[in-house]
Amino acid sequence: MADVWGRKTVSIPGDEKLRESGYRRLTPANTRIFEGSFSLLHCQVEGAGLYRGVYAVLMFPVSYPDRYISLRYTDERDQDQEIGIIEDLSVFPEDVRQAVRRSLIKQYYERVIHRIHDIECRYGLLFFDVTTGEGRETFVMAWRHDRAEDYGASGKVLLDALDNRYIIPDLRKLPAADRRLFLGYIYW
Amino acid sequence: MKTLLRRARKQETVRPDILLGQIPASIAASANAIGLTPDTCLFSIRSDMDLSGRPCDAWLVVGRDRMAAFTADQLEVRVLSGPFEWRKATKIRNFQTVGSMFLQLRLEDMYVDVIRFSNGFREAFGRAVVQLQRMLRGEPLSREALAAPSETICGTCGLPLPGLRAQCPRCSGRRGIVARTLALMRPYWWSIFLLLAMMVMGVLLDLIPPQLTRYLVDQVLKPGTGGEVLSSASNSGFQAFLNRLVQGSGAWTRGDRMSLLVLILACLVTASAARHTLNIFIGRISSLIGTRITKELRERLHRHLLRLSVDYYNRHSAGNLMSRVLYDVDYFQGFVAQVAHGFLLNVMLVLGIGTVLFVMNPRLALVVLLPIPFVVVGTTFFWRHIYPRYYRLWDSQSKMAQLLTGFLQGIRLVKAFSQEERERARFSSAAGYMQQARRSVEMGMATFNPIMGFVFGLGGLLIWFAGGERVLRGLNGEPGGITLGTLMAFFGYMGMFYGPISQLTMFSNWVTGFLSAGQRVFEVLDSVQSLPEDPKPVRLSSLKGAIELRNVTFGYDPYHPILKNVSMTIEAGRFVGIVGKSGSGKTTLVNVICRFYDVQQGAVLIDGVDVRKIATEDLHRHIGLVLQEPFLFRASIAENIAYGRPDAPPSAIMDAAKAANAHDFIARRPNGYDMKLGENGSGLSGGERQRVSIARALLCNPRILILDEATSSVDTESELEIQKALTHLCKGRTTLAIAHRLSTLKNADWIYVMDDGRIAEEGTHEELLARDGIYSKLVKIQTELTRLEA
């Protein structure tokens, strides 16, 4: 198996032993997933019971954005607990896939930047004028190293002054002028 | 460009997000339809998306008995969720997801999404949820808390603040990097004024040699003259020579010409000597100022780093910060050098020499200026294409420093996991990045510099053409001609004119490095101390040691609490144990008591005084901290023990070591207390390091002692030694012991059991055992483990 950058993983014989004490694998054979009251995800696991108000979280949102989905719920003591992990969503029926994807959409709110039209630096702040998947918009971020982090092999995630997330999945895919403008400020 | 700033500002300021007792007109009808009327409405709060994250104008309307969320788009108004009746809800919370949050109600043992909002609305919804939790508990709503001004947005200009309650960068009048650097030079204005005066003198001196050369060529070394030898007595002597000099060269003798040659050469030597003497002074003074400024700036950075909260260090790597203090500050010395004899001198030379050239021959001076447009184009190109490469070079150096720091600190781990090859590859990759970044800069420069050199060379050739033509005209007696001396002087001045121009083009090169370094240095200096000192702090010369936590809620991420409404009272002098699973909030509890972080709700009180009001220095002086992994400095054992009290006498140091059961092993070392320790105490075993750290805490005689898993990383024998040491240490002090091994807490006066950020149980060891709860379970597990180990 390979991740989004094509890095291959290799299993060794000891992995099977490790698996015995590892996470619970959720498969169509042992798990029933459906939407119930309040349109919330419910999950029935063989031998473990019914979990209500379930939500899905990606375990490798950058490396494996379509795999390793953790199903979780909040218990009666307000602690978040993991029910198990779906390693491959594609083996589930279409309605389940849709329901899990809807749950995932709720977990992630990141705007993807396609174009950078302008960056202005004032008062130690960077004023961005960009086009995202939602259209043209502006945002302000502090010109600080901890506000622009690496995202995968050659992407960046920008946190604006209010902690909203703006993603550039791959800097190499930005138009050359936009990339040059961006690297003039976010060079790390 | 200005529109960007204006637009962003407008966006931040224009909308009130919480309406008290009002329902927005756009959704009023829909709200009425489900029983939410202006009479029953407590408040409405705005959001920016629907539940699936689609951007829209949305509102949550909170009434006395119910709440509901609506979208208020232009095309349709619809109910997003609800209505939810309060009586059916048991809890309410803000649930953080990646990039957004949900306000959720607990209904039928599930959390149900009520409304979703982007992180930009966290502050408003954070306040709202606190009030809604109060309502669920039957407490009255605080309108003041809801209506309080924002702590994340500047109330004056609407710009986002760099930190919670931080100064607005715009309204505080913060200036640009160059202006702030000039401000650093303020104490040295007199020296800088002196420098400027010397520079003016230097420019004037630079103007002299070409004029002397011109005179030498045109008057003294003029071909076909100076052959006659005057022998009469009336024509000899210095006075006569001066008379002839004043009258003109026509009457000059050969001896006169020799005298003039020597005189002019003497003047040239004097001008050159004076210029170089001035250079010596300029260089020395600028070095003096530059080194002082960098020293002061480094100290200022270090002072600021000491003041910054622990949280800051969680967000920045040590290698990155080291690079700023070590290397970036050096650019400020360069700034002084540039001000002293770089930029300003070159500007003066260009202006001074340009004026002289135009006075000498305006037409020829215009020819000299011909390459200037190309220089401007070249400089613009440089700024656009070569300057960003410097940033990446710095980044590569910083990443290399980070990599090396991690590698050298974790060398044992690398070897233990046989990852040398992987580390080699990682280093090779970082070295490759650095090579590529440097090559990119140097190749750019290697192309840019010769092109600019060629452009300047062309200027010289143009002068040869235009000037040579005029000299020939002059020799033939035609109008517009010039002398050979004038052309020679032009060449002299031209070299001096193009030199500074060339330097000025390179100035952009230097400015680039300086601005990027300046940005990084000021970024640290502008970092907000998240722990503000009270303007009139309470000074505590002595302390009893009573600790109280009053409804404390705290999270490293303010919207994700670790401690949840924790209250505890610890009387002075008591020994209190804190136990709980990993991640239950034990160490976080210690962090807020020590005021490494400020709590978001509630208060921590020492002797009845809120820690936020106590002078930080006093607070930390009275608290002794022994950590699981003791940190020792690269210094002698004695210096490490006396770290909190550098003036402690040797006898006190030894007493502390004796009480910490460290004295005997120190005494066995050849250099005793003078033994120099390596990086983080290397040269001592884990148990020995811990005992040195206990001696260090003991020497300060703190009234409150905090032991954070002090014995969990050492062997049983060392633990026994440390336990003995701690017995001495705890006497007469308030002791808070976080312990993994519960047997160490048997004698505690009181034990708190933490679970998921709350106090789940409390009591004495016996009481908790009898209760058969979490503590009892933990004791049973440990007893079983001990049995298995045996």
# chains A, B, ... in the order shown; residues from 1 in each chain; ligands from 1

$ interface_residues --of "chain A" --to "chain B" --cutoff "8 Å" --atoms "only C-alpha atoms" --output "PyMOL selection string"
chain A and resi 38+40+52-53+74+76+79+102+105-110+118+120+123-124+127-129+138-140+142-144+146+161-165+180+183-184+187-188

$ residues_around --residues "Glu82 of chain A" --least-positions-apart "4" --cutoff "7 Å" --atoms "only C-alpha atoms" --output "list of chain:residue names"
A:Ser70, A:Leu71, A:Arg72, A:Tyr73

$ select_by_dssp --residues "segment 357-590 of chain B" --states "strand (DSSP E or B)" --output "list in words"
Val538, Ile547, Glu548, Leu549, Arg550, Asn551, Val552, Thr553, Phe554, Asp557, His560, Leu563, Lys564, Asn565, Val566, Ser567, Met568, Thr569, Ile570, Phe575, Val576, Gly577, Ile578, Val579 and Gly580 of chain B

$ write_last_selection --atoms "C-alpha atoms" --output "PDB file, in the first residue's frame"
ATOM      1  CA  VAL B 538       1.047  42.119  45.438  1.00  0.00           C
ATOM      2  CA  ILE B 547      -3.465  26.947  47.933  1.00  0.00           C
ATOM      3  CA  GLU B 548      -6.987  27.283  46.639  1.00  0.00           C
ATOM      4  CA  LEU B 549      -8.397  26.529  43.197  1.00  0.00           C
ATOM      5  CA  ARG B 550     -11.791  28.144  42.713  1.00  0.00           C
ATOM      6  CA  ASN B 551     -13.889  26.822  39.805  1.00  0.00           C
ATOM      7  CA  VAL B 552     -10.852  26.626  37.568  1.00  0.00           C
ATOM      8  CA  THR B 553     -11.368  25.890  33.884  1.00  0.00           C
ATOM      9  CA  PHE B 554      -8.316  25.845  31.662  1.00  0.00           C
ATOM     10  CA  ASP B 557      -6.404  25.654  23.491  1.00  0.00           C
ATOM     11  CA  HIS B 560     -10.769  22.826  24.525  1.00  0.00           C
ATOM     12  CA  LEU B 563      -9.283  21.310  33.643  1.00  0.00           C
ATOM     13  CA  LYS B 564     -13.042  21.564  33.997  1.00  0.00           C
ATOM     14  CA  ASN B 565     -14.418  23.588  36.863  1.00  0.00           C
ATOM     15  CA  VAL B 566     -11.867  22.279  39.389  1.00  0.00           C
ATOM     16  CA  SER B 567     -12.077  23.467  42.997  1.00  0.00           C
ATOM     17  CA  MET B 568      -9.773  22.415  45.831  1.00  0.00           C
ATOM     18  CA  THR B 569      -8.438  23.873  49.055  1.00  0.00           C
ATOM     19  CA  ILE B 570      -5.049  22.889  50.435  1.00  0.00           C
ATOM     20  CA  PHE B 575       1.108  17.007  52.117  1.00  0.00           C
ATOM     21  CA  VAL B 576      -1.362  16.449  49.319  1.00  0.00           C
ATOM     22  CA  GLY B 577      -1.224  13.758  46.674  1.00  0.00           C
ATOM     23  CA  ILE B 578      -2.641  14.075  43.159  1.00  0.00           C
ATOM     24  CA  VAL B 579      -3.259  10.876  41.251  1.00  0.00           C
ATOM     25  CA  GLY B 580      -5.000   9.962  38.037  1.00  0.00           C
TER      26      GLY B 580
END

$ residues_around --residues "Arg67 of chain A" --least-positions-apart "4" --cutoff "7 Å" --atoms "only C-alpha atoms" --output "list in words"
Glu87, Asp88 and Leu89 of chain A

$ closest_residue --among "B:Ile208, B:Ile293, B:Leu260, B:Leu484" --to "Arg186 of chain B" --atoms "only C-alpha atoms"
B:Ile293

$ residues_around --residues "Tyr51 of chain A" --least-positions-apart "2" --cutoff "9 Å" --atoms "only C-alpha atoms" --output "ChimeraX atom specification"
/A:41-45,48-49,53-54,72-73,83

$ residues_around --residues "segment 270-283 of chain B" --least-positions-apart "4" --cutoff "9 Å" --atoms "only C-alpha atoms" --output "PyMOL selection string"
chain B and resi 194-196+198-199+201-203+205-206+208-209+265-266+287-288+337+340-341

$ closest_residue --among "A:Tyr23, A:Ile69, A:Phe34, A:Leu181" --to "Gln98 of chain A" --atoms "only C-alpha atoms"
A:Phe34

$ decode --residues "segment 56-87 of chain A" --atoms "N, CA and C atoms" --output "short mmCIF file (atom, residue, chain, number, x, y, z; two decimals), in the first residue's frame"
data_model
loop_
_atom_site.label_atom_id
_atom_site.label_comp_id
_atom_site.auth_asym_id
_atom_site.auth_seq_id
_atom_site.Cartn_x
_atom_site.Cartn_y
_atom_site.Cartn_z
N ALA A 56 -17.32 10.91 12.58
CA ALA A 56 -16.16 10.30 11.90
C ALA A 56 -14.99 11.28 11.85
N VAL A 57 -13.80 10.73 12.02
CA VAL A 57 -12.58 11.54 11.99
C VAL A 57 -11.53 10.82 11.15
N LEU A 58 -10.83 11.58 10.32
CA LEU A 58 -9.76 10.97 9.51
C LEU A 58 -8.50 10.83 10.35
N MET A 59 -7.90 9.65 10.32
CA MET A 59 -6.68 9.44 11.09
C MET A 59 -5.44 9.96 10.34
N PHE A 60 -5.48 9.94 9.04
CA PHE A 60 -4.38 10.46 8.22
C PHE A 60 -4.97 11.41 7.18
N PRO A 61 -5.41 12.59 7.62
CA PRO A 61 -6.13 13.46 6.68
C PRO A 61 -5.30 13.89 5.48
N VAL A 62 -3.98 13.91 5.63
CA VAL A 62 -3.13 14.32 4.50
C VAL A 62 -2.62 13.11 3.73
N SER A 63 -2.09 12.12 4.45
CA SER A 63 -1.47 10.97 3.77
C SER A 63 -2.51 10.05 3.14
N TYR A 64 -3.58 9.77 3.87
CA TYR A 64 -4.61 8.85 3.38
C TYR A 64 -5.99 9.47 3.57
N PRO A 65 -6.32 10.46 2.74
CA PRO A 65 -7.58 11.19 2.97
C PRO A 65 -8.84 10.36 2.77
N ASP A 66 -8.72 9.18 2.17
CA ASP A 66 -9.91 8.35 1.94
C ASP A 66 -9.93 7.09 2.78
N ARG A 67 -8.97 6.94 3.66
CA ARG A 67 -8.89 5.68 4.41
C ARG A 67 -8.73 5.97 5.90
N TYR A 68 -8.75 4.92 6.67
CA TYR A 68 -8.52 5.00 8.13
C TYR A 68 -9.42 6.06 8.78
N ILE A 69 -10.69 5.75 8.80
CA ILE A 69 -11.68 6.68 9.37
C ILE A 69 -12.09 6.16 10.74
N SER A 70 -11.82 6.97 11.74
CA SER A 70 -12.17 6.58 13.11
C SER A 70 -13.62 6.99 13.39
N LEU A 71 -14.42 6.05 13.89
CA LEU A 71 -15.79 6.39 14.32
C LEU A 71 -15.75 6.59 15.84
N ARG A 72 -16.30 7.69 16.31
CA ARG A 72 -16.18 8.05 17.72
C ARG A 72 -17.54 8.50 18.27
N TYR A 73 -17.62 8.50 19.58
CA TYR A 73 -18.83 9.03 20.22
C TYR A 73 -18.43 9.64 21.56
N THR A 74 -19.33 10.43 22.14
CA THR A 74 -19.07 11.03 23.45
C THR A 74 -19.83 10.22 24.49
N ASP A 75 -19.14 9.69 25.49
CA ASP A 75 -19.81 8.83 26.46
C ASP A 75 -20.55 9.66 27.52
N GLU A 76 -21.14 8.96 28.48
CA GLU A 76 -21.97 9.65 29.47
C GLU A 76 -21.15 10.57 30.37
N ARG A 77 -19.80 10.34 30.42
CA ARG A 77 -18.94 11.22 31.23
C ARG A 77 -18.32 12.33 30.38
N ASP A 78 -18.86 12.53 29.21
CA ASP A 78 -18.38 13.56 28.27
C ASP A 78 -16.99 13.29 27.75
N GLN A 79 -16.60 12.04 27.75
CA GLN A 79 -15.29 11.70 27.20
C GLN A 79 -15.48 11.11 25.81
N ASP A 80 -14.60 11.56 24.90
CA ASP A 80 -14.70 11.04 23.54
C ASP A 80 -14.05 9.67 23.47
N GLN A 81 -14.79 8.74 22.91
CA GLN A 81 -14.30 7.36 22.84
C GLN A 81 -14.31 6.89 21.40
N GLU A 82 -13.35 6.03 21.09
CA GLU A 82 -13.32 5.47 19.74
C GLU A 82 -14.08 4.15 19.70
N ILE A 83 -14.92 4.00 18.70
CA ILE A 83 -15.62 2.73 18.52
C ILE A 83 -14.71 1.79 17.73
N GLY A 84 -14.11 2.29 16.70
CA GLY A 84 -13.23 1.49 15.87
C GLY A 84 -12.85 2.27 14.64
N ILE A 85 -12.12 1.61 13.74
CA ILE A 85 -11.63 2.32 12.56
C ILE A 85 -12.05 1.59 11.28
N ILE A 86 -12.58 2.39 10.36
CA ILE A 86 -12.88 1.85 9.03
C ILE A 86 -11.61 2.02 8.21
N GLU A 87 -11.00 0.92 7.82
CA GLU A 87 -9.75 1.03 7.07
C GLU A 87 -10.02 1.40 5.61
#
